[in-house]
>>> print(open('coords.cif').read())   # mmCIF, C-alpha atoms
data_model
loop_
_atom_site.label_atom_id
_atom_site.label_comp_id
_atom_site.auth_asym_id
_atom_site.auth_seq_id
_atom_site.Cartn_x
_atom_site.Cartn_y
_atom_site.Cartn_z
CA MET E 12 -29.49 -28.45 11.41
CA ASN E 13 -27.83 -25.95 13.76
CA ILE E 14 -24.10 -26.69 13.88
CA ALA E 15 -22.10 -24.04 15.71
CA LEU E 16 -18.48 -23.14 15.00
CA ARG E 17 -17.70 -24.24 18.54
CA HIS E 18 -18.87 -27.77 17.67
CA LEU E 19 -16.57 -27.87 14.66
CA ARG E 20 -13.54 -26.59 16.58
CA TYR E 21 -14.02 -29.18 19.33
CA PHE E 22 -14.57 -31.94 16.82
CA LEU E 23 -11.43 -31.04 14.83
CA ALA E 24 -9.36 -30.91 18.00
CA LEU E 25 -10.54 -34.42 18.86
CA ALA E 26 -9.85 -35.65 15.32
CA GLN E 27 -6.35 -34.18 15.43
CA HIS E 28 -5.29 -35.47 18.86
CA GLY E 29 -7.19 -38.81 18.87
CA SER E 30 -7.85 -38.46 22.59
CA PHE E 31 -10.48 -36.63 24.62
CA THR E 32 -7.90 -35.76 27.27
CA ARG E 33 -5.31 -34.33 24.87
CA ALA E 34 -7.93 -32.54 22.79
CA ALA E 35 -9.48 -30.94 25.89
CA ASP E 36 -6.05 -29.75 27.02
CA ALA E 37 -5.27 -28.33 23.57
CA ILE E 38 -8.41 -26.16 23.45
CA HIS E 39 -8.38 -25.37 27.18
CA VAL E 40 -11.67 -26.95 28.20
CA THR E 41 -12.51 -29.78 30.55
CA GLN E 42 -12.88 -33.31 29.20
CA PRO E 43 -16.58 -33.52 30.24
CA ALA E 44 -17.29 -30.27 28.41
CA LEU E 45 -15.62 -31.62 25.27
CA SER E 46 -17.52 -34.92 25.51
CA MET E 47 -20.80 -33.05 25.91
CA GLN E 48 -20.18 -30.93 22.80
CA ILE E 49 -19.24 -33.98 20.70
CA ARG E 50 -22.44 -35.77 21.80
CA ALA E 51 -24.44 -32.66 20.95
CA LEU E 52 -22.85 -32.55 17.50
CA GLU E 53 -23.66 -36.24 16.90
CA GLU E 54 -27.28 -35.58 17.84
CA ILE E 55 -27.45 -32.66 15.43
CA VAL E 56 -26.08 -34.64 12.48
CA GLY E 57 -27.89 -37.81 13.45
CA ALA E 58 -24.86 -40.10 13.26
CA ARG E 59 -21.92 -41.30 15.30
CA LEU E 60 -18.79 -39.35 14.44
CA VAL E 61 -16.15 -40.99 16.64
CA GLU E 62 -15.41 -44.39 18.11
CA ARG E 63 -13.39 -45.19 21.22
CA THR E 64 -10.84 -47.95 20.58
CA PRO E 65 -7.94 -49.35 22.63
CA ALA E 66 -5.61 -47.25 20.45
CA GLY E 67 -7.62 -44.06 21.02
CA VAL E 68 -10.43 -42.17 19.33
CA VAL E 69 -10.97 -42.78 15.61
CA LEU E 70 -13.39 -41.19 13.18
CA THR E 71 -16.33 -43.03 11.68
CA PRO E 72 -16.97 -42.67 7.94
CA GLN E 73 -19.45 -39.90 8.78
CA GLY E 74 -16.81 -38.31 10.99
CA ARG E 75 -14.25 -38.32 8.18
CA ALA E 76 -16.77 -36.69 5.85
CA LEU E 77 -17.54 -34.03 8.44
CA GLN E 78 -13.82 -33.42 9.05
CA GLY E 79 -13.24 -32.27 5.47
CA HIS E 80 -16.20 -29.90 5.56
CA ALA E 81 -15.24 -28.58 9.00
CA LEU E 82 -11.69 -27.76 7.87
CA ARG E 83 -13.01 -25.78 4.90
CA VAL E 84 -15.56 -23.91 7.02
CA LEU E 85 -13.03 -22.86 9.66
CA ALA E 86 -10.48 -21.88 7.01
CA ALA E 87 -13.11 -19.66 5.38
CA MET E 88 -13.95 -18.12 8.75
CA THR E 89 -10.28 -17.37 9.37
CA ASP E 90 -10.05 -15.62 5.99
CA LEU E 91 -13.18 -13.63 6.79
CA GLU E 92 -11.87 -12.55 10.18
CA GLN E 93 -8.59 -11.40 8.65
CA ALA E 94 -10.38 -9.50 5.90
CA LEU E 95 -12.53 -7.67 8.46
CA ARG E 96 -9.62 -6.56 10.61
CA GLN E 97 -8.49 -2.97 10.37
CA PRO E 98 -5.84 -2.25 7.70
CA GLY E 99 -2.39 -2.86 9.08
CA GLN E 100 -3.67 -4.99 11.96
CA GLY E 101 -3.65 -8.32 10.18
CA GLY E 102 -6.09 -7.24 7.50
CA ARG E 103 -5.24 -6.41 3.91
CA LEU E 104 -3.91 -2.88 3.44
CA MET E 105 -4.64 -1.32 0.05
CA LEU E 106 -2.20 1.53 -0.61
CA GLY E 107 -2.24 3.80 -3.63
CA MET E 108 0.61 6.04 -4.77
CA ILE E 109 1.18 8.51 -7.60
CA PRO E 110 3.66 7.50 -10.35
CA THR E 111 6.07 10.36 -9.62
CA VAL E 112 6.58 9.06 -6.07
CA ALA E 113 6.06 5.28 -6.17
CA PRO E 114 9.18 4.17 -8.16
CA TYR E 115 11.47 6.14 -5.86
CA LEU E 116 9.87 5.80 -2.43
CA LEU E 117 8.72 2.16 -2.53
CA PRO E 118 12.18 0.54 -2.97
CA GLU E 119 13.24 2.35 0.20
CA ALA E 120 10.05 1.72 2.17
CA LEU E 121 9.13 -1.86 1.27
CA PRO E 122 12.01 -3.62 3.10
CA VAL E 123 10.95 -1.82 6.28
CA LEU E 124 7.24 -2.44 5.76
CA ARG E 125 7.83 -6.16 5.26
CA GLY E 126 9.17 -6.32 8.79
CA ARG E 127 6.13 -4.57 10.24
CA GLN E 128 2.60 -5.85 10.74
CA ILE E 129 1.27 -3.15 8.42
CA GLY E 130 3.28 -4.62 5.56
CA GLN E 131 2.39 -8.28 5.96
CA ASP E 132 -0.58 -8.11 3.57
CA LEU E 133 0.15 -4.93 1.63
CA HIS E 134 -1.29 -4.41 -1.84
CA LEU E 135 -0.06 -1.48 -3.95
CA ARG E 136 -1.80 0.55 -6.64
CA GLU E 137 -0.06 3.14 -8.80
CA ALA E 138 -2.29 5.69 -10.52
CA GLN E 139 -2.82 9.39 -11.08
CA THR E 140 -4.18 11.57 -8.29
CA ASP E 141 -7.80 11.82 -9.44
CA GLN E 142 -8.04 8.05 -9.83
CA LEU E 143 -6.52 7.43 -6.41
CA LEU E 144 -8.90 9.89 -4.74
CA GLU E 145 -11.85 8.22 -6.45
CA GLU E 146 -10.76 4.75 -5.33
CA LEU E 147 -10.11 5.99 -1.80
CA ALA E 148 -13.59 7.48 -1.59
CA GLY E 149 -15.08 4.30 -3.03
CA GLY E 150 -13.38 2.09 -0.45
CA ARG E 151 -11.12 0.31 -2.93
CA LEU E 152 -8.05 1.85 -1.30
CA ASP E 153 -7.36 2.36 2.40
CA ALA E 154 -4.69 5.05 2.05
CA ILE E 155 -3.05 7.02 -0.74
CA VAL E 156 0.18 8.98 -1.22
CA VAL E 157 -0.40 12.08 -3.34
CA ALA E 158 1.08 15.56 -3.77
CA THR E 159 -2.08 17.65 -3.56
CA PRO E 160 -4.05 18.98 -0.57
CA PRO E 161 -7.00 16.91 0.71
CA PRO E 162 -10.08 17.71 -1.39
CA ASP E 163 -12.50 18.12 1.53
CA ALA E 164 -13.22 17.13 5.13
CA SER E 165 -14.02 13.55 4.11
CA VAL E 166 -10.26 12.91 3.84
CA GLU E 167 -7.72 12.95 6.65
CA ALA E 168 -4.16 13.83 5.62
CA VAL E 169 -0.72 13.96 7.18
CA ALA E 170 2.33 15.54 5.57
CA LEU E 171 5.11 13.07 4.75
CA PHE E 172 7.80 15.34 3.30
CA THR E 173 8.51 18.40 1.20
CA ASP E 174 9.92 17.49 -2.20
CA SER E 175 11.84 20.30 -3.93
CA PHE E 176 11.82 20.68 -7.69
CA LEU E 177 15.15 20.66 -9.53
CA LEU E 178 15.74 21.83 -13.07
CA ALA E 179 17.00 18.97 -15.24
CA GLY E 180 18.43 18.88 -18.73
CA SER E 181 21.45 17.74 -20.66
CA THR E 182 24.83 18.36 -19.05
CA GLU E 183 25.67 20.97 -21.71
CA ARG E 184 22.36 22.82 -21.39
CA ILE E 185 22.51 22.93 -17.58
CA ALA E 186 26.16 24.06 -17.61
CA ALA E 187 25.21 26.99 -19.83
CA LEU E 188 22.67 28.31 -17.30
CA ASP E 189 23.34 30.82 -14.57
CA ALA E 190 22.34 28.54 -11.69
CA GLY E 191 22.26 31.39 -9.17
CA ALA E 192 19.83 33.50 -11.15
CA ILE E 193 17.50 31.14 -12.95
CA GLN E 194 13.86 31.32 -11.90
CA PRO E 195 10.95 29.06 -12.88
CA ARG E 196 9.07 31.96 -14.47
CA SER E 197 12.08 32.85 -16.62
CA LEU E 198 12.09 29.49 -18.40
CA ASP E 199 11.20 29.35 -22.09
CA PRO E 200 7.83 27.53 -22.31
CA GLY E 201 8.85 26.24 -25.72
CA GLN E 202 11.69 24.25 -24.13
CA LEU E 203 9.78 22.89 -21.16
CA LEU E 204 9.06 19.14 -21.12
CA LEU E 205 6.09 18.16 -18.97
CA LEU E 206 4.01 15.12 -18.20
CA ASP E 207 0.65 14.50 -19.82
CA GLU E 208 -2.41 16.24 -18.46
CA GLY E 209 -3.69 14.49 -15.36
CA HIS E 210 -0.28 14.14 -13.73
CA CYS E 211 -0.12 16.52 -10.80
CA LEU E 212 3.62 17.05 -11.27
CA GLY E 213 3.03 18.56 -14.71
CA ASP E 214 0.31 20.85 -13.37
CA GLN E 215 2.51 21.90 -10.44
CA ALA E 216 5.41 22.68 -12.78
CA LEU E 217 3.14 24.86 -14.90
CA GLU E 218 1.86 26.62 -11.80
CA VAL E 219 5.32 27.56 -10.51
CA CYS E 220 6.21 28.78 -14.00
CA GLY E 221 3.05 30.88 -14.20
CA LEU E 222 1.90 28.95 -17.27
CA GLY E 223 -1.23 27.15 -18.37
CA ARG E 224 -1.74 23.97 -20.32
CA ARG E 225 -2.35 26.00 -23.48
CA SER E 226 0.99 27.79 -23.24
CA SER E 227 3.32 27.38 -26.19
CA ARG E 228 5.79 24.68 -25.24
CA LEU E 229 7.34 21.48 -26.50
CA ASP E 230 4.59 18.94 -25.82
CA LEU E 231 5.70 15.36 -26.36
CA GLY E 232 2.89 13.72 -24.41
CA ALA E 233 5.21 11.93 -22.02
CA ALA E 234 3.44 9.60 -19.60
CA SER E 235 6.30 9.06 -17.16
CA LEU E 236 8.98 11.05 -15.44
CA ALA E 237 11.57 8.54 -16.62
CA THR E 238 10.68 9.33 -20.25
CA LEU E 239 11.00 13.06 -19.64
CA CYS E 240 14.42 12.60 -18.09
CA ARG E 241 15.69 10.57 -21.03
CA LEU E 242 14.41 13.18 -23.47
CA ALA E 243 16.01 15.93 -21.45
CA ALA E 244 19.29 13.99 -21.36
CA GLN E 245 19.17 13.96 -25.17
CA ASP E 246 19.01 17.78 -25.10
CA MET E 247 15.39 17.96 -26.23
CA GLY E 248 14.46 20.45 -23.51
CA LEU E 249 14.32 21.07 -19.79
CA THR E 250 12.11 19.42 -17.21
CA PHE E 251 11.27 19.57 -13.53
CA LEU E 252 12.80 16.75 -11.51
CA PRO E 253 11.56 16.08 -7.97
CA GLN E 254 14.40 15.74 -5.49
CA ILE E 255 13.10 12.30 -4.45
CA ALA E 256 13.71 11.06 -8.02
CA ARG E 257 17.13 12.63 -8.51
CA ARG E 258 19.35 9.70 -7.55
CA GLN E 259 17.50 7.12 -9.63
CA GLU E 260 16.93 9.24 -12.74
CA LEU E 261 20.48 10.60 -12.94
CA ALA E 262 21.79 7.04 -12.72
CA ALA E 263 19.38 5.82 -15.39
CA ALA E 264 19.87 8.65 -17.89
CA PRO E 265 23.53 9.28 -18.81
CA GLY E 266 24.04 12.87 -19.85
CA LEU E 267 21.32 14.19 -17.52
CA ALA E 268 22.18 16.91 -15.02
CA ALA E 269 20.04 18.64 -12.39
CA ILE E 270 20.42 21.83 -10.39
CA PRO E 271 18.33 23.44 -7.66
CA PHE E 272 16.52 26.72 -8.13
CA PRO E 273 17.60 29.62 -5.91
CA LYS E 274 15.64 29.95 -2.67
CA PRO E 275 12.76 29.96 -2.13
CA GLN E 276 12.79 26.75 -4.10
CA PRO E 277 9.59 25.50 -5.74
CA ALA E 278 8.40 22.30 -4.09
CA ARG E 279 5.46 19.98 -3.59
CA GLN E 280 4.07 18.64 -0.34
CA VAL E 281 3.70 14.85 -0.43
CA MET E 282 0.90 13.62 1.81
CA LEU E 283 -0.59 10.37 3.11
CA MET E 284 -4.40 10.35 3.11
CA ARG E 285 -7.19 8.12 4.37
CA ARG E 286 -10.95 8.45 4.66
CA ALA E 287 -11.97 10.38 7.76
CA THR E 288 -14.41 7.56 8.56
CA THR E 289 -11.65 4.93 8.61
CA SER E 290 -10.13 4.32 12.02
CA GLY E 291 -6.38 4.99 12.07
CA ASP E 292 -5.82 2.80 15.15
CA GLY E 293 -2.06 3.26 14.94
CA TRP E 294 -1.54 1.75 11.49
CA PHE E 295 -1.92 5.09 9.72
CA ASP E 296 0.63 6.88 11.90
CA GLU E 297 3.03 3.95 11.62
CA LEU E 298 2.72 3.92 7.83
CA ALA E 299 3.35 7.66 7.70
CA GLN E 300 6.44 7.29 9.88
CA VAL E 301 7.88 4.53 7.68
CA LEU E 302 7.26 6.44 4.46
CA SER E 303 8.71 9.68 5.84
CA ALA E 304 11.83 7.89 7.09
CA ALA E 305 12.25 6.10 3.75
CA ALA E 306 12.17 9.41 1.88
CA ALA E 307 14.77 11.09 4.10
CA PRO E 308 17.93 9.69 2.42
CA LEU E 309 16.53 10.48 -1.02
CA LEU E 310 15.81 14.07 -0.05
CA ALA E 311 19.26 14.39 1.52
CA ASP E 312 21.03 13.71 -1.78
CA ASP E 313 23.26 16.64 -2.77
CA PRO E 314 21.44 18.34 -5.67
CA ALA E 315 24.49 20.34 -6.76
#
>>> encode(input="coords.cif", output="C-alpha cells")
Amino acid sequence: MNIALRHLRYFLALAQHGSFTRAADAIHVTQPALSMQIRALEEIVGARLVERTPAGVVLTPQGRALQGHALRVLAAMTDLEQALRQPGQGGRLMLGMIPTVAPYLLPEALPVLRGRQIGQDLHLREAQTDQLLEELAGGRLDAIVVATPPPDASVEAVALFTDSFLLAGSTERIAALDAGAIQPRSLDPGQLLLLDEGHCLGDQALEVCGLGRRSSRLDLGAASLATLCRLAAQDMGLTFLPQIARRQELAAAPGLAAIPFPKPQPARQVMLMRRATTSGDGWFDELAQVLSAAAAPLLADDPA
C-alpha cells in the first residue's frame, strides 16, 4: 500500500467541505485533479471512500475510518516539520542561562520574547556554566547565556553586556568602608562570602581579589546569589553583587547595601553562545538584541 500525503490532504479537504468543487477551491487544485486523486486513493485501499448524494459528498464507513487515521498522520507530520525548523523560526528554541543572570534578565526579556517568533516555543534551562556548555555541545540546547569566553572554535559567541561587580554587605558594614579607596584585593578573605565551586561568579570574584579556592575565607557553601545577599544583609560578611542583580536583591534583602568599586571596576562579560555548526539565520542576532535591550535598564540602575 503506497498512500501519499497528498492523497490524505485531498481526501481530508473533501471530507471537510462535502463537495468536490469547494474542496478543490480550498486546496487550489482543479476539480478533475481532485477527483483523480480520490479515485487513486480508493484503488490503493481497495474500497470506496466517498459517495455522491443529492446533499453532497458523504463518507463511507471505510472513509470515516480513514479520516481518523489521516488526521493523526497529518498532525504528526506538522509536529515533525515544526520540530525540524531552525530555532526561532517556528521550531522549538532551547535556551540555557546561568543562575546569576537568569532570575534578573528573564523577567525583563520574556515579555518581549513572547511577542516575537523566537519566543513562541521557547524552553529555558538554568544551570552552571560547565553543564550548559556540555548540553550545548551535545545538541540539547540551541543557545546559552554565560559569563565566560567561548571554550574553542566550535562555539560562536556574541557579547550581550558588561556587568560590573558591586561590593555588598549590611548597611552598617558598607557605611564604615571608604568607598573611594576600597579595592578588591584589599578585602579580607575571611569576610568574603562566595558561591559554591562551579559557579563562575564565585571564581570570577576570587580572580579579581587575587585569591584561590583554598584561601582562608568564610565558606558557607551558598548555592545561590540570593542566599549570599541575605547572609550579607545579616552582617555575616561581604559579597560581590553583579549590577544586573542589584535592583532585585536590594529589594528582597532589607538591610543590604551595595557600592561600586573605584574605576577600573571589576566586571564580567555576559555572552550569548551557539554551536558554530548551527545556522543563525537571524534568530541568533534577534535573540541577542532582545537580551541586550532587556539588560539595559538593570545596568542603568544607580549603584550609589
>>> atom_distance(input="coords.cif", atom1="atom CA of Ser30 of chain E", atom2="atom CA of Leu82 of chain E")
18.6 Å
>>> resolve_selection(input="coords.cif", expression="the PyMOL selection byres ((chain E and resi 61) around 8)", output="JSON, numbers by chain")
{"E": [59, 60, 62, 63, 68, 69, 70, 71, 74]}
>>> resolve_selection(input="coords.cif", expression="the PyMOL selection byres ((chain E and resi 21-25) around 8)", output="list in words")
Arg17, His18, Leu19, Arg20, Ala26, Gln27, His28, Gly29, Ser30, Phe31, Arg33, Ala34, Ala35, Ala37, Ile38, Leu45, Gln48, Ile49, Val68, Gln78, Ala81 and Leu82 of chain E
>>> write_last_selection(input="coords.cif", atoms="C-alpha atoms", output="CSV table (one decimal), in the frame of the given file")
chain,number,residue,atom,x,y,z
E,17,ARG,CA,-17.7,-24.2,18.5
E,18,HIS,CA,-18.9,-27.8,17.7
E,19,LEU,CA,-16.6,-27.9,14.7
E,20,ARG,CA,-13.5,-26.6,16.6
E,26,ALA,CA,-9.8,-35.6,15.3
E,27,GLN,CA,-6.4,-34.2,15.4
E,28,HIS,CA,-5.3,-35.5,18.9
E,29,GLY,CA,-7.2,-38.8,18.9
E,30,SER,CA,-7.8,-38.5,22.6
E,31,PHE,CA,-10.5,-36.6,24.6
E,33,ARG,CA,-5.3,-34.3,24.9
E,34,ALA,CA,-7.9,-32.5,22.8
E,35,ALA,CA,-9.5,-30.9,25.9
E,37,ALA,CA,-5.3,-28.3,23.6
E,38,ILE,CA,-8.4,-26.2,23.4
E,45,LEU,CA,-15.6,-31.6,25.3
E,48,GLN,CA,-20.2,-30.9,22.8
E,49,ILE,CA,-19.2,-34.0,20.7
E,68,VAL,CA,-10.4,-42.2,19.3
E,78,GLN,CA,-13.8,-33.4,9.0
E,81,ALA,CA,-15.2,-28.6,9.0
E,82,LEU,CA,-11.7,-27.8,7.9
>>> resolve_selection(input="coords.cif", expression="the PyMOL selection byres ((chain E and resi 137-144) around 12)", output="NGL selection string")
:E and (105-114 or 117 or 134-136 or 145-163 or 165-167 or 206-214 or 234-235 or 281-286)
>>> atom_distance(input="coords.cif", atom1="atom CA of Ala307 of chain E", atom2="atom CA of Leu121 of chain E")
14.4 Å
>>> axis_aligned_box(input="coords.cif", around="segment 176-195 of chain E", padding_each_side="4 Å", output="JSON")
{"center_x": 18.6, "center_y": 25.6, "center_z": -14.7, "size_x": 23.2, "size_y": 23.8, "size_z": 22.0}
>>> closest_residue(input="coords.cif", among="E:Pro308, E:Ala87, E:Arg279, E:Pro273", to="Gly191 of chain E", atoms="all atoms listed in the file")
E:Pro273
>>> atom_distance(input="coords.cif", atom1="atom CA of Ile193 of chain E", atom2="atom CA of Phe272 of chain E")
6.6 Å
>>> closest_residue(input="coords.cif", among="E:Ala44, E:Ala120, E:Ala76, E:Leu52", to="Leu298 of chain E", atoms="only C-alpha atoms")
E:Ala120
>>> closest_residue(input="coords.cif", among="E:Val56, E:Asp36, E:Met47, E:Thr182", to="Asn13 of chain E", atoms="all atoms listed in the file")
E:Val56
>>> closest_residue(input="coords.cif", among="E:Ala243, E:Ala299, E:Ala305, E:Leu178", to="Val123 of chain E", atoms="all atoms listed in the file")
E:Ala305
>>> closest_residue(input="coords.cif", among="E:Ala15, E:Gly293, E:Pro277, E:Ala186", to="Val84 of chain E", atoms="only C-alpha atoms")
E:Ala15
>>> closest_residue(input="coords.cif", among="E:Leu104, E:Ala268, E:Leu204, E:Leu261", to="Glu183 of chain E", atoms="only C-alpha atoms")
E:Ala268
>>> build_atoms(input="coords.cif", residues="segment 158-169 of chain E", atoms="all heavy atoms", output="PDB file, in the coordinates of the input")
ATOM      1  N   ALA E 158       0.366  14.289  -3.971  1.00  0.00           N
ATOM      2  CA  ALA E 158       1.080  15.560  -3.770  1.00  0.00           C
ATOM      3  C   ALA E 158       0.144  16.733  -3.965  1.00  0.00           C
ATOM      4  O   ALA E 158       0.523  17.767  -4.508  1.00  0.00           O
ATOM      5  CB  ALA E 158       2.268  15.644  -4.721  1.00  0.00           C
ATOM      6  N   THR E 159      -1.102  16.578  -3.525  1.00  0.00           N
ATOM      7  CA  THR E 159      -2.080  17.650  -3.560  1.00  0.00           C
ATOM      8  C   THR E 159      -2.764  17.731  -2.204  1.00  0.00           C
ATOM      9  O   THR E 159      -2.799  16.740  -1.463  1.00  0.00           O
ATOM     10  CB  THR E 159      -3.137  17.397  -4.655  1.00  0.00           C
ATOM     11  OG1 THR E 159      -3.768  16.133  -4.414  1.00  0.00           O
ATOM     12  CG2 THR E 159      -2.521  17.394  -6.029  1.00  0.00           C
ATOM     13  N   PRO E 160      -3.344  18.868  -1.849  1.00  0.00           N
ATOM     14  CA  PRO E 160      -4.050  18.980  -0.570  1.00  0.00           C
ATOM     15  C   PRO E 160      -5.292  18.088  -0.559  1.00  0.00           C
ATOM     16  O   PRO E 160      -5.816  17.727  -1.618  1.00  0.00           O
ATOM     17  CB  PRO E 160      -4.440  20.467  -0.506  1.00  0.00           C
ATOM     18  CG  PRO E 160      -3.566  21.152  -1.508  1.00  0.00           C
ATOM     19  CD  PRO E 160      -3.301  20.142  -2.578  1.00  0.00           C
ATOM     20  N   PRO E 161      -5.779  17.709   0.640  1.00  0.00           N
ATOM     21  CA  PRO E 161      -7.000  16.910   0.710  1.00  0.00           C
ATOM     22  C   PRO E 161      -8.160  17.681   0.083  1.00  0.00           C
ATOM     23  O   PRO E 161      -8.272  18.898   0.254  1.00  0.00           O
ATOM     24  CB  PRO E 161      -7.213  16.700   2.215  1.00  0.00           C
ATOM     25  CG  PRO E 161      -6.365  17.718   2.888  1.00  0.00           C
ATOM     26  CD  PRO E 161      -5.227  18.000   1.970  1.00  0.00           C
ATOM     27  N   PRO E 162      -9.025  17.005  -0.666  1.00  0.00           N
ATOM     28  CA  PRO E 162     -10.080  17.710  -1.390  1.00  0.00           C
ATOM     29  C   PRO E 162     -11.164  18.290  -0.492  1.00  0.00           C
ATOM     30  O   PRO E 162     -11.757  19.314  -0.823  1.00  0.00           O
ATOM     31  CB  PRO E 162     -10.657  16.623  -2.315  1.00  0.00           C
ATOM     32  CG  PRO E 162     -10.339  15.329  -1.615  1.00  0.00           C
ATOM     33  CD  PRO E 162      -9.036  15.552  -0.919  1.00  0.00           C
ATOM     34  N   ASP E 163     -11.463  17.641   0.623  1.00  0.00           N
ATOM     35  CA  ASP E 163     -12.500  18.120   1.530  1.00  0.00           C
ATOM     36  C   ASP E 163     -12.353  17.418   2.870  1.00  0.00           C
ATOM     37  O   ASP E 163     -11.397  16.660   3.092  1.00  0.00           O
ATOM     38  CB  ASP E 163     -13.907  17.859   0.940  1.00  0.00           C
ATOM     39  CG  ASP E 163     -14.099  16.421   0.478  1.00  0.00           C
ATOM     40  OD1 ASP E 163     -13.820  15.507   1.288  1.00  0.00           O
ATOM     41  OD2 ASP E 163     -14.512  16.202  -0.670  1.00  0.00           O
ATOM     42  N   ALA E 164     -13.310  17.664   3.763  1.00  0.00           N
ATOM     43  CA  ALA E 164     -13.220  17.130   5.130  1.00  0.00           C
ATOM     44  C   ALA E 164     -13.444  15.634   5.205  1.00  0.00           C
ATOM     45  O   ALA E 164     -13.246  15.043   6.274  1.00  0.00           O
ATOM     46  CB  ALA E 164     -14.237  17.844   6.018  1.00  0.00           C
ATOM     47  N   SER E 165     -13.826  14.998   4.098  1.00  0.00           N
ATOM     48  CA  SER E 165     -14.020  13.550   4.110  1.00  0.00           C
ATOM     49  C   SER E 165     -12.696  12.791   4.109  1.00  0.00           C
ATOM     50  O   SER E 165     -12.672  11.571   4.282  1.00  0.00           O
ATOM     51  CB  SER E 165     -14.854  13.108   2.905  1.00  0.00           C
ATOM     52  OG  SER E 165     -14.123  13.281   1.692  1.00  0.00           O
ATOM     53  N   VAL E 166     -11.588  13.517   3.920  1.00  0.00           N
ATOM     54  CA  VAL E 166     -10.260  12.910   3.840  1.00  0.00           C
ATOM     55  C   VAL E 166      -9.369  13.465   4.938  1.00  0.00           C
ATOM     56  O   VAL E 166      -9.289  14.690   5.126  1.00  0.00           O
ATOM     57  CB  VAL E 166      -9.619  13.179   2.458  1.00  0.00           C
ATOM     58  CG1 VAL E 166      -8.199  12.633   2.412  1.00  0.00           C
ATOM     59  CG2 VAL E 166     -10.457  12.560   1.350  1.00  0.00           C
ATOM     60  N   GLU E 167      -8.726  12.570   5.667  1.00  0.00           N
ATOM     61  CA  GLU E 167      -7.720  12.950   6.650  1.00  0.00           C
ATOM     62  C   GLU E 167      -6.349  12.830   6.000  1.00  0.00           C
ATOM     63  O   GLU E 167      -6.072  11.877   5.277  1.00  0.00           O
ATOM     64  CB  GLU E 167      -7.785  12.040   7.875  1.00  0.00           C
ATOM     65  CG  GLU E 167      -9.056  12.177   8.696  1.00  0.00           C
ATOM     66  CD  GLU E 167      -9.046  13.407   9.585  1.00  0.00           C
ATOM     67  OE1 GLU E 167      -7.957  13.991   9.759  1.00  0.00           O
ATOM     68  OE2 GLU E 167     -10.118  13.777  10.085  1.00  0.00           O
ATOM     69  N   ALA E 168      -5.486  13.823   6.259  1.00  0.00           N
ATOM     70  CA  ALA E 168      -4.160  13.830   5.620  1.00  0.00           C
ATOM     71  C   ALA E 168      -3.086  14.170   6.625  1.00  0.00           C
ATOM     72  O   ALA E 168      -3.314  14.920   7.584  1.00  0.00           O
ATOM     73  CB  ALA E 168      -4.141  14.832   4.469  1.00  0.00           C
ATOM     74  N   VAL E 169      -1.903  13.618   6.395  1.00  0.00           N
ATOM     75  CA  VAL E 169      -0.720  13.960   7.180  1.00  0.00           C
ATOM     76  C   VAL E 169       0.430  14.184   6.210  1.00  0.00           C
ATOM     77  O   VAL E 169       0.578  13.450   5.223  1.00  0.00           O
ATOM     78  CB  VAL E 169      -0.381  12.842   8.200  1.00  0.00           C
ATOM     79  CG1 VAL E 169      -0.086  11.523   7.492  1.00  0.00           C
ATOM     80  CG2 VAL E 169       0.797  13.238   9.064  1.00  0.00           C
TER      81      VAL E 169
END
